[in-house]
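Structure data follow from entry14.tsv (TSV, C-alpha atoms):
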```tsv
chain	number	residue	atom	x	y	z
U	1	MET	CA	-13.06	-22.36	-1.23
U	2	GLY	CA	-14.87	-21.70	-4.49
U	3	ASN	CA	-18.42	-20.34	-4.31
U	4	LYS	CA	-19.43	-22.45	-1.33
U	5	PRO	CA	-19.71	-20.43	1.91
U	6	TYR	CA	-17.34	-21.38	4.67
U	7	CYS	CA	-18.99	-23.09	7.65
U	8	CYS	CA	-17.28	-23.35	11.00
U	9	LYS	CA	-17.74	-26.63	12.87
U	10	SER	CA	-20.01	-26.19	15.87
U	11	THR	CA	-17.81	-28.56	17.89
U	12	CYS	CA	-14.79	-26.25	17.65
U	13	PHE	CA	-15.96	-23.99	20.50
U	14	GLN	CA	-17.54	-24.80	23.87
U	15	SER	CA	-17.63	-21.64	25.99
U	16	TYR	CA	-20.47	-19.23	26.75
U	17	LEU	CA	-19.34	-17.29	23.66
U	18	ALA	CA	-19.27	-20.34	21.37
U	19	SER	CA	-22.13	-19.36	19.06
U	20	SER	CA	-20.83	-15.78	18.79
U	21	ILE	CA	-17.30	-16.97	17.97
U	22	ILE	CA	-18.63	-19.35	15.30
U	23	SER	CA	-20.59	-16.57	13.60
U	24	PHE	CA	-17.55	-14.27	13.90
U	25	VAL	CA	-15.29	-16.84	12.22
U	26	GLU	CA	-17.77	-17.38	9.37
U	27	TYR	CA	-18.16	-13.60	8.96
U	28	LYS	CA	-14.40	-13.03	8.78
U	29	VAL	CA	-13.99	-15.71	6.13
U	30	ASN	CA	-17.11	-15.19	4.00
U	31	VAL	CA	-17.37	-11.39	4.21
U	32	ASP	CA	-13.87	-10.11	4.96
U	33	GLY	CA	-12.12	-12.81	2.90
U	34	CYS	CA	-9.75	-13.86	5.69
U	35	VAL	CA	-8.05	-17.24	5.84
U	36	PRO	CA	-9.38	-19.27	8.82
U	37	GLU	CA	-5.91	-20.47	9.85
U	38	SER	CA	-4.78	-16.87	10.37
U	39	PHE	CA	-7.03	-16.33	13.41
U	40	LEU	CA	-8.73	-19.65	14.34
U	41	PRO	CA	-5.93	-20.80	16.74
U	42	VAL	CA	-6.25	-17.57	18.71
U	43	MET	CA	-10.05	-17.86	18.93
U	44	LYS	CA	-9.76	-21.49	20.07
U	45	ARG	CA	-7.36	-20.47	22.84
U	46	PHE	CA	-9.68	-17.64	23.87
U	47	ASP	CA	-12.66	-20.01	23.88
U	48	ALA	CA	-10.75	-22.47	26.09
U	49	TYR	CA	-9.87	-19.60	28.42
U	50	CYS	CA	-13.53	-18.58	28.62
U	51	CYS	CA	-14.44	-22.17	29.49
U	52	GLN	CA	-12.15	-21.88	32.51
U	53	HIS	CA	-13.79	-18.57	33.52
U	54	PRO	CA	-17.52	-19.03	32.79
U	55	GLU	CA	-20.15	-16.29	32.75
U	56	THR	CA	-23.92	-16.59	33.14
U	57	VAL	CA	-24.63	-14.54	30.00
U	58	PRO	CA	-22.66	-13.89	26.78
U	59	CYS	CA	-20.39	-10.89	27.35
U	60	LEU	CA	-16.84	-9.66	26.81
U	61	LYS	CA	-15.63	-8.13	30.05
U	62	GLN	CA	-12.52	-5.99	30.30
U	63	GLU	CA	-10.84	-8.03	33.04
U	64	ARG	CA	-11.42	-11.24	31.09
U	65	VAL	CA	-9.91	-9.87	27.89
U	66	LEU	CA	-6.89	-8.25	29.54
U	67	SER	CA	-6.08	-11.32	31.63
U	68	PHE	CA	-6.21	-13.50	28.48
U	69	LEU	CA	-3.89	-11.13	26.60
U	70	ASP	CA	-1.45	-11.18	29.52
U	71	ILE	CA	-0.99	-14.98	29.49
U	72	GLY	CA	2.57	-16.19	28.95
U	73	LYS	CA	5.68	-14.43	27.74
U	74	THR	CA	5.18	-13.77	24.05
U	75	LYS	CA	6.96	-11.57	21.55
U	76	ASN	CA	5.55	-8.08	21.10
U	77	SER	CA	4.65	-8.89	17.50
U	78	THR	CA	2.68	-11.96	18.60
U	79	ALA	CA	0.91	-10.04	21.36
U	80	LYS	CA	0.00	-7.33	18.87
U	81	ARG	CA	-1.50	-9.88	16.46
U	82	VAL	CA	-3.50	-11.61	19.22
U	83	SER	CA	-4.86	-8.32	20.56
U	84	SER	CA	-5.81	-7.29	17.01
U	85	ILE	CA	-7.89	-10.48	16.59
U	86	ILE	CA	-9.63	-10.02	19.96
U	87	ARG	CA	-10.25	-6.35	19.11
U	88	SER	CA	-11.85	-7.42	15.84
U	89	PHE	CA	-14.03	-9.90	17.74
U	90	GLY	CA	-15.13	-7.17	20.16
U	91	LYS	CA	-16.06	-4.84	17.30
U	92	TYR	CA	-18.05	-7.66	15.69
U	93	LEU	CA	-20.02	-8.23	18.91
U	94	VAL	CA	-20.85	-4.52	19.11
U	95	THR	CA	-21.59	-3.65	15.49
U	96	ILE	CA	-23.03	-6.91	14.12
U	97	LEU	CA	-24.49	-8.83	17.08
U	98	ARG	CA	-25.38	-5.66	19.04
U	99	PHE	CA	-23.99	-6.85	22.38
U	100	ASP	CA	-24.05	-4.33	25.23
U	101	ASN	CA	-21.46	-5.61	27.71
U	102	VAL	CA	-18.40	-5.62	25.42
U	103	TYR	CA	-14.85	-4.43	25.99
U	104	VAL	CA	-13.08	-3.52	22.74
U	105	VAL	CA	-9.28	-3.64	23.07
U	106	PRO	CA	-7.77	-0.18	22.43
U	107	LYS	CA	-5.43	-0.03	19.49
U	108	LEU	CA	-2.54	1.55	21.36
U	109	ILE	CA	-1.96	-0.87	24.23
U	110	LYS	CA	1.79	-1.01	24.82
U	111	ARG	CA	3.43	-3.92	26.58
U	112	SER	CA	6.28	-3.44	28.98
U	113	GLY	CA	9.41	-5.50	28.84
U	114	LYS	CA	12.34	-5.86	26.48
U	115	THR	CA	11.93	-6.17	22.74
U	116	PHE	CA	14.06	-8.77	20.99
U	117	VAL	CA	17.09	-7.28	19.21
U	118	PRO	CA	17.68	-9.02	15.84
U	119	TYR	CA	21.07	-10.44	15.00
U	120	VAL	CA	22.61	-9.09	11.79
U	121	PHE	CA	25.11	-11.50	10.28
U	122	THR	CA	28.27	-10.06	8.75
U	123	HIS	CA	29.05	-10.77	5.09
U	124	ASN	CA	31.72	-13.26	6.17
U	125	GLU	CA	29.33	-15.00	8.56
U	126	MET	CA	26.71	-15.42	5.82
U	127	ALA	CA	29.37	-16.76	3.45
U	128	GLY	CA	30.43	-19.20	6.19
U	129	LEU	CA	26.84	-20.26	6.84
U	130	ILE	CA	26.19	-21.04	3.16
U	131	LYS	CA	29.56	-22.78	2.88
U	132	ALA	CA	28.63	-24.95	5.87
U	133	ALA	CA	25.32	-25.83	4.20
U	134	THR	CA	27.20	-26.79	1.03
U	135	ASN	CA	29.89	-28.89	2.69
U	136	TYR	CA	27.88	-30.51	5.48
U	137	ARG	CA	27.69	-34.28	5.36
U	138	PRO	CA	25.57	-36.27	7.83
U	139	LYS	CA	27.06	-39.20	9.70
U	140	GLN	CA	24.86	-41.57	7.71
U	141	ASN	CA	23.08	-41.33	4.39
U	142	TYR	CA	19.38	-40.49	4.44
U	143	THR	CA	17.45	-43.23	2.69
U	144	VAL	CA	13.96	-41.92	3.45
U	145	THR	CA	14.68	-38.31	2.45
U	146	PRO	CA	17.68	-38.63	0.12
U	147	ASN	CA	17.44	-35.15	-1.36
U	148	VAL	CA	17.44	-33.07	1.82
U	149	MET	CA	21.15	-32.28	1.83
U	150	ASP	CA	21.06	-31.18	-1.81
U	151	CYS	CA	18.24	-28.77	-0.85
U	152	MET	CA	20.07	-27.00	1.97
U	153	PRO	CA	22.67	-24.89	0.10
U	154	CYS	CA	19.97	-23.57	-2.24
U	155	ILE	CA	17.52	-22.97	0.61
U	156	PHE	CA	19.98	-20.84	2.59
U	157	SER	CA	21.14	-19.01	-0.54
U	158	MET	CA	17.52	-18.19	-1.33
U	159	LEU	CA	16.80	-17.03	2.22
U	160	TYR	CA	19.76	-14.65	2.13
U	161	CYS	CA	19.45	-13.42	-1.46
U	162	THR	CA	15.69	-12.77	-1.44
U	163	GLY	CA	14.75	-12.08	2.18
U	164	MET	CA	11.91	-14.59	1.93
U	165	ARG	CA	10.45	-16.03	5.11
U	166	VAL	CA	11.46	-19.61	5.83
U	167	SER	CA	7.81	-20.70	5.54
U	168	GLU	CA	7.65	-19.15	2.07
U	169	VAL	CA	10.79	-21.01	0.98
U	170	SER	CA	9.57	-24.28	2.48
U	171	ASN	CA	6.18	-24.03	0.74
U	172	LEU	CA	7.53	-22.77	-2.60
U	173	LEU	CA	5.92	-24.72	-5.45
U	174	VAL	CA	7.72	-25.76	-8.61
U	175	ASP	CA	5.56	-23.59	-10.86
U	176	GLU	CA	5.99	-20.51	-8.66
U	177	LEU	CA	9.65	-20.03	-9.62
U	178	ASP	CA	10.47	-18.77	-13.11
U	179	LEU	CA	14.21	-18.99	-13.71
U	180	GLU	CA	13.92	-17.60	-17.23
U	181	GLN	CA	12.27	-14.38	-16.00
U	182	GLY	CA	14.19	-14.39	-12.72
U	183	ILE	CA	11.12	-14.06	-10.50
U	184	ILE	CA	9.39	-15.96	-7.72
U	185	HIS	CA	5.63	-15.74	-7.26
U	186	ILE	CA	4.73	-15.92	-3.56
U	187	ASN	CA	1.01	-16.66	-3.56
U	188	HIS	CA	0.57	-17.23	0.17
U	189	ALA	CA	2.68	-14.72	2.05
U	190	LYS	CA	1.96	-13.38	5.55
U	191	ASN	CA	-1.75	-12.58	6.03
U	192	ASP	CA	-2.38	-14.49	2.79
U	193	ASN	CA	-0.95	-11.67	0.68
U	194	LYS	CA	0.71	-12.17	-2.71
U	195	ARG	CA	3.92	-10.65	-3.99
U	196	ILE	CA	6.66	-11.11	-6.58
U	197	VAL	CA	10.33	-11.48	-5.64
U	198	THR	CA	13.11	-10.92	-8.14
U	199	ILE	CA	16.19	-13.15	-8.07
U	200	SER	CA	19.73	-12.43	-9.18
U	201	ASN	CA	21.66	-14.27	-11.87
U	202	SER	CA	23.87	-15.87	-9.23
U	203	LEU	CA	20.87	-17.22	-7.32
U	204	SER	CA	19.35	-18.46	-10.57
U	205	GLU	CA	22.55	-20.40	-11.18
U	206	VAL	CA	22.44	-21.91	-7.68
U	207	CYS	CA	18.83	-22.97	-8.34
U	208	ARG	CA	19.79	-24.58	-11.64
U	209	GLU	CA	22.63	-26.48	-9.98
U	210	TYR	CA	20.23	-27.69	-7.32
U	211	LEU	CA	17.71	-28.86	-9.93
U	212	GLU	CA	20.43	-30.72	-11.82
U	213	LYS	CA	21.59	-32.53	-8.67
U	214	SER	CA	18.05	-33.29	-7.55
U	215	LYS	CA	16.32	-34.39	-10.76
U	216	LYS	CA	16.73	-38.09	-9.93
U	217	SER	CA	15.39	-37.65	-6.40
U	218	PHE	CA	12.23	-35.63	-7.05
U	219	THR	CA	9.15	-37.53	-5.90
U	220	LEU	CA	5.92	-35.81	-6.90
U	221	GLY	CA	7.43	-32.60	-8.30
U	222	ILE	CA	5.08	-30.38	-6.29
U	223	TYR	CA	7.44	-28.43	-4.05
U	224	PHE	CA	10.56	-26.79	-5.43
U	225	PHE	CA	12.55	-28.05	-2.46
U	226	ASP	CA	11.75	-31.76	-2.56
U	227	SER	CA	13.04	-34.05	0.19
U	228	GLY	CA	12.92	-37.09	-2.08
U	229	SER	CA	10.21	-38.65	0.09
U	230	SER	CA	6.52	-39.10	-0.64
U	231	TYR	CA	5.74	-38.09	2.96
U	232	LYS	CA	3.73	-34.83	2.91
U	233	GLN	CA	4.35	-34.60	-0.85
U	234	GLY	CA	8.09	-34.19	-0.33
U	235	ILE	CA	8.00	-30.86	1.50
U	236	VAL	CA	11.12	-29.84	3.47
U	237	SER	CA	9.56	-28.53	6.68
U	238	THR	CA	10.53	-25.29	8.42
U	239	LYS	CA	11.37	-27.33	11.52
U	240	ARG	CA	13.90	-29.37	9.58
U	241	ILE	CA	15.43	-26.27	8.02
U	242	TYR	CA	15.86	-24.78	11.51
U	243	THR	CA	17.50	-27.99	12.76
U	244	TYR	CA	20.15	-27.71	10.07
U	245	PHE	CA	20.46	-23.98	10.64
U	246	ARG	CA	21.68	-24.69	14.16
U	247	ARG	CA	24.20	-27.23	12.85
U	248	PHE	CA	25.47	-24.83	10.19
U	249	LEU	CA	25.88	-22.08	12.79
U	250	SER	CA	28.16	-24.34	14.76
U	251	LEU	CA	30.19	-25.33	11.70
U	252	ALA	CA	30.56	-21.68	10.71
U	253	GLY	CA	31.81	-20.81	14.20
U	254	ILE	CA	28.83	-18.59	15.02
U	255	GLU	CA	27.71	-18.83	18.64
U	256	HIS	CA	24.06	-19.43	19.40
U	257	LYS	CA	23.32	-17.75	22.74
U	258	GLY	CA	20.20	-19.70	23.63
U	259	LEU	CA	16.44	-19.43	23.35
U	260	GLY	CA	15.31	-15.82	23.12
U	261	TYR	CA	18.78	-14.52	22.30
U	262	GLY	CA	19.50	-15.94	18.86
U	263	PRO	CA	20.70	-15.79	16.22
U	264	ARG	CA	17.33	-16.87	14.86
U	265	LEU	CA	16.70	-18.30	11.42
U	266	HIS	CA	14.49	-15.24	10.79
U	267	ASP	CA	17.59	-13.06	11.29
U	268	VAL	CA	18.76	-14.14	7.82
U	269	ARG	CA	15.79	-12.10	6.52
U	270	VAL	CA	16.84	-9.16	8.69
U	271	THR	CA	20.39	-9.49	7.36
U	272	PHE	CA	19.11	-9.43	3.78
U	273	ALA	CA	17.40	-6.09	4.47
U	274	VAL	CA	20.48	-4.56	6.13
U	275	HIS	CA	22.93	-5.77	3.49
U	276	SER	CA	20.61	-4.59	0.70
U	277	LEU	CA	20.43	-1.14	2.29
U	278	GLN	CA	24.23	-1.07	2.57
U	279	GLN	CA	24.52	-1.91	-1.11
U	280	LEU	CA	22.04	0.81	-2.10
U	281	SER	CA	23.90	3.36	0.01
U	282	ARG	CA	26.98	2.90	-2.18
U	283	LEU	CA	25.10	3.84	-5.36
U	284	PRO	CA	25.33	7.43	-6.62
U	285	GLY	CA	22.36	9.69	-6.07
U	286	ASP	CA	19.57	9.83	-3.49
U	287	ILE	CA	19.19	6.55	-1.59
U	288	ASN	CA	15.44	7.17	-1.22
U	289	VAL	CA	15.12	7.03	-5.00
U	290	HIS	CA	16.93	3.68	-5.11
U	291	ILE	CA	14.70	2.28	-2.35
```

What is this structure when it is put down as structure tokens?
Amino acid sequence: MGNKPYCCKSTCFQSYLASSIISFVEYKVNVDGCVPESFLPVMKRFDAYCCQHPETVPCLKQERVLSFLDIGKTKNSTAKRVSSIIRSFGKYLVTILRFDNVYVVPKLIKRSGKTFVPYVFTHNEMAGLIKAATNYRPKQNYTVTPNVMDCMPCIFSMLYCTGMRVSEVSNLLVDELDLEQGIIHINHAKNDNKRIVTISNSLSEVCREYLEKSKKSFTLGIYFFDSGSSYKQGIVSTKRIYTYFRRFLSLAGIEHKGLGYGPRLHDVRVTFAVHSLQQLSRLPGDINVHI
């Protein structure tokens, strides 16, 4: 954003809290340094909800907040993030705008219901999944995105060997991966954090093989995983990666039990953590030191 202050469009919000939400958004970005996309969708949904339940004066009533947070069946992690944003908004109304009639969401609201149990792939299942990604051949050649199938084996190897989120792999830029040093710079992780991921020699070799196969198909050379198309600068979207994930599951003989039951693509990240812990447990000495 440079040195120019962020300004929220006045047309984004229409409810009785519109002006307060706009100032809250600008405060979060310009003062707290937050990324707008991390909380704007939630505030837009809350604004739309307030439009459906109008008030005569700006306020944040308890029944209004709790009924909004109770909409739909969402994962506990999602509900926690949404409630955190609304809590932050309530605190802003109290401390900055000096509103009187404000309900601030308590930090320890627990939701009832089952929590999703992650699926941990076995070592053989992960080997089968990567083998399926390597051997898969579509019924017809892709002319618009000719490099997609060359991307897939490396994408799934990277997901398993690093524990990166699929969005981080999809958005990985060419200059963020250093094969000589064996590190990946993730500059836009969750909550816009930054971190460095180390990669093994075997994964480095897989990446080099991918680059060799793909060098004739690279379009703009922006994203490391390049579809071979100029559309959206060649990015291989997370949606497309998930589509192939489902196909590879089937080829590997791993049952998908339906929506909400998995396995999910995110479970590859869970599997990385479990398998890494297993590996550390075999080393001599205190496992806490190795961690």

Given all atoms listed in the file as the counted atoms, nearest of U:Cys161, U:Ile155, U:Leu129, U:Met149 to Glu255 in chain U:
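Under the stated criterion, the closest residue is U:Leu129.
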
When you look at range 77-86 of chain U with a cut-off of 10 Å (counting only C-alpha atoms), what residues show up, excluding the ones that are within fewer than 6 positions of it in the same chain? I need them as a PyMOL selection string.
chain U and resi 38-43+46+60+65-66+68-71+92+103-111+115

Residues within 12 Å of Ser202 in chain U, only C-alpha atoms, excluding chain neighbours under 2 positions, as a ChimeraX atom specification:
/U:154,157-158,161-162,179,182,198-200,204-209

Separation of CA of Glu55 in chain U from CA of Ser10 in chain U in Å:
19.6 Å

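Comparing the minimum interatomic distances between Thr143 in chain U and each of U:Met126, U:Arg195, U:Ser229, U:Ser67, counting all atoms listed in the file, we find that U:Ser229 sits nearest.
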
Quote the spacing between CA of Gln278 in chain U and CA of Leu177 in chain U in Å to one decimal place.
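Distance reported for this atom pair: 26.8 Å.
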
Using only C-alpha atoms, what residues lie at most 12 Å away from (9.7, -24.8, -1.2) (file coordinates), given as an MDAnalysis selection string?
chainID U and resid 148 151:152 154:156 158:159 164:177 184:186 188 207 221:227 233:238 241

Pick from U:Leu17, U:Ile96, U:Val35, U:Ile22, whichever lies nearest to Lys190 in chain U using all atoms listed in the file:
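Among the listed residues, the smallest separation from Lys190 in chain U belongs to U:Val35.
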
Padding 8 Å on each side, edges along x, y and z: where is the centre of the box around the listed atoms of range 238-247 of chain U, and how long are its edges in Å to one decimal? Output it as JSON.
```
{"center_x": 17.4, "center_y": -26.7, "center_z": 11.1, "size_x": 29.7, "size_y": 21.4, "size_z": 22.1}
```

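Computed from the coordinates, the CA of Glu37 in chain U to CA of Cys7 in chain U distance equals 13.5 Å.
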
Each range 50-159 of chain U residue no farther than 10 Å from range 248-252 of chain U, nearest pair in Å, only C-alpha atoms, as a tab-separated table:
```
residue	atom	partner	partner_atom	distance
U:Asn124	CA	U:Ala252	CA	9.6
U:Glu125	CA	U:Ala252	CA	7.1
U:Met126	CA	U:Ala252	CA	8.8
U:Ala127	CA	U:Ala252	CA	8.9
U:Gly128	CA	U:Ala252	CA	5.2
U:Leu129	CA	U:Ala252	CA	5.6
U:Ile130	CA	U:Phe248	CA	8.0
U:Lys131	CA	U:Ala252	CA	8.0
U:Ala132	CA	U:Phe248	CA	5.4
U:Ala133	CA	U:Phe248	CA	6.1
U:Thr134	CA	U:Phe248	CA	9.5
U:Asn135	CA	U:Phe248	CA	9.6
U:Tyr136	CA	U:Phe248	CA	7.8
```

For a cutoff of 6 Å around the file-coordinate point (-10.7, -16.9, 29.9), which residues qualify once you count only C-alpha atoms? I'd like the result as a list in words.
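Residues with an atom close enough to that point: Tyr49, Cys50, Gln52, His53, Arg64 and Phe68 of chain U.
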
Find the spatial neighbours of Val268 in chain U, counting only C-alpha atoms, within a cut-off of 6 Å - ignore same-chain residues fewer than 3 positions away - and output them as a ChimeraX atom specification.
/U:160,265,271

Could you give me, as a list in words, the residues within 9 Å of range 98-102 of chain U, counting all atoms listed in the file and dropping anything in the same chain fewer than 4 positions from it?
Pro58, Cys59, Leu60, Lys61, Gln62, Gly90, Lys91, Tyr92, Leu93 and Val94 of chain U

Of the residues U:Ala48, U:Ser230, U:Tyr244, U:Ile196, which is the one nearest to Pro146 in chain U, using all atoms listed in the file?
U:Ser230
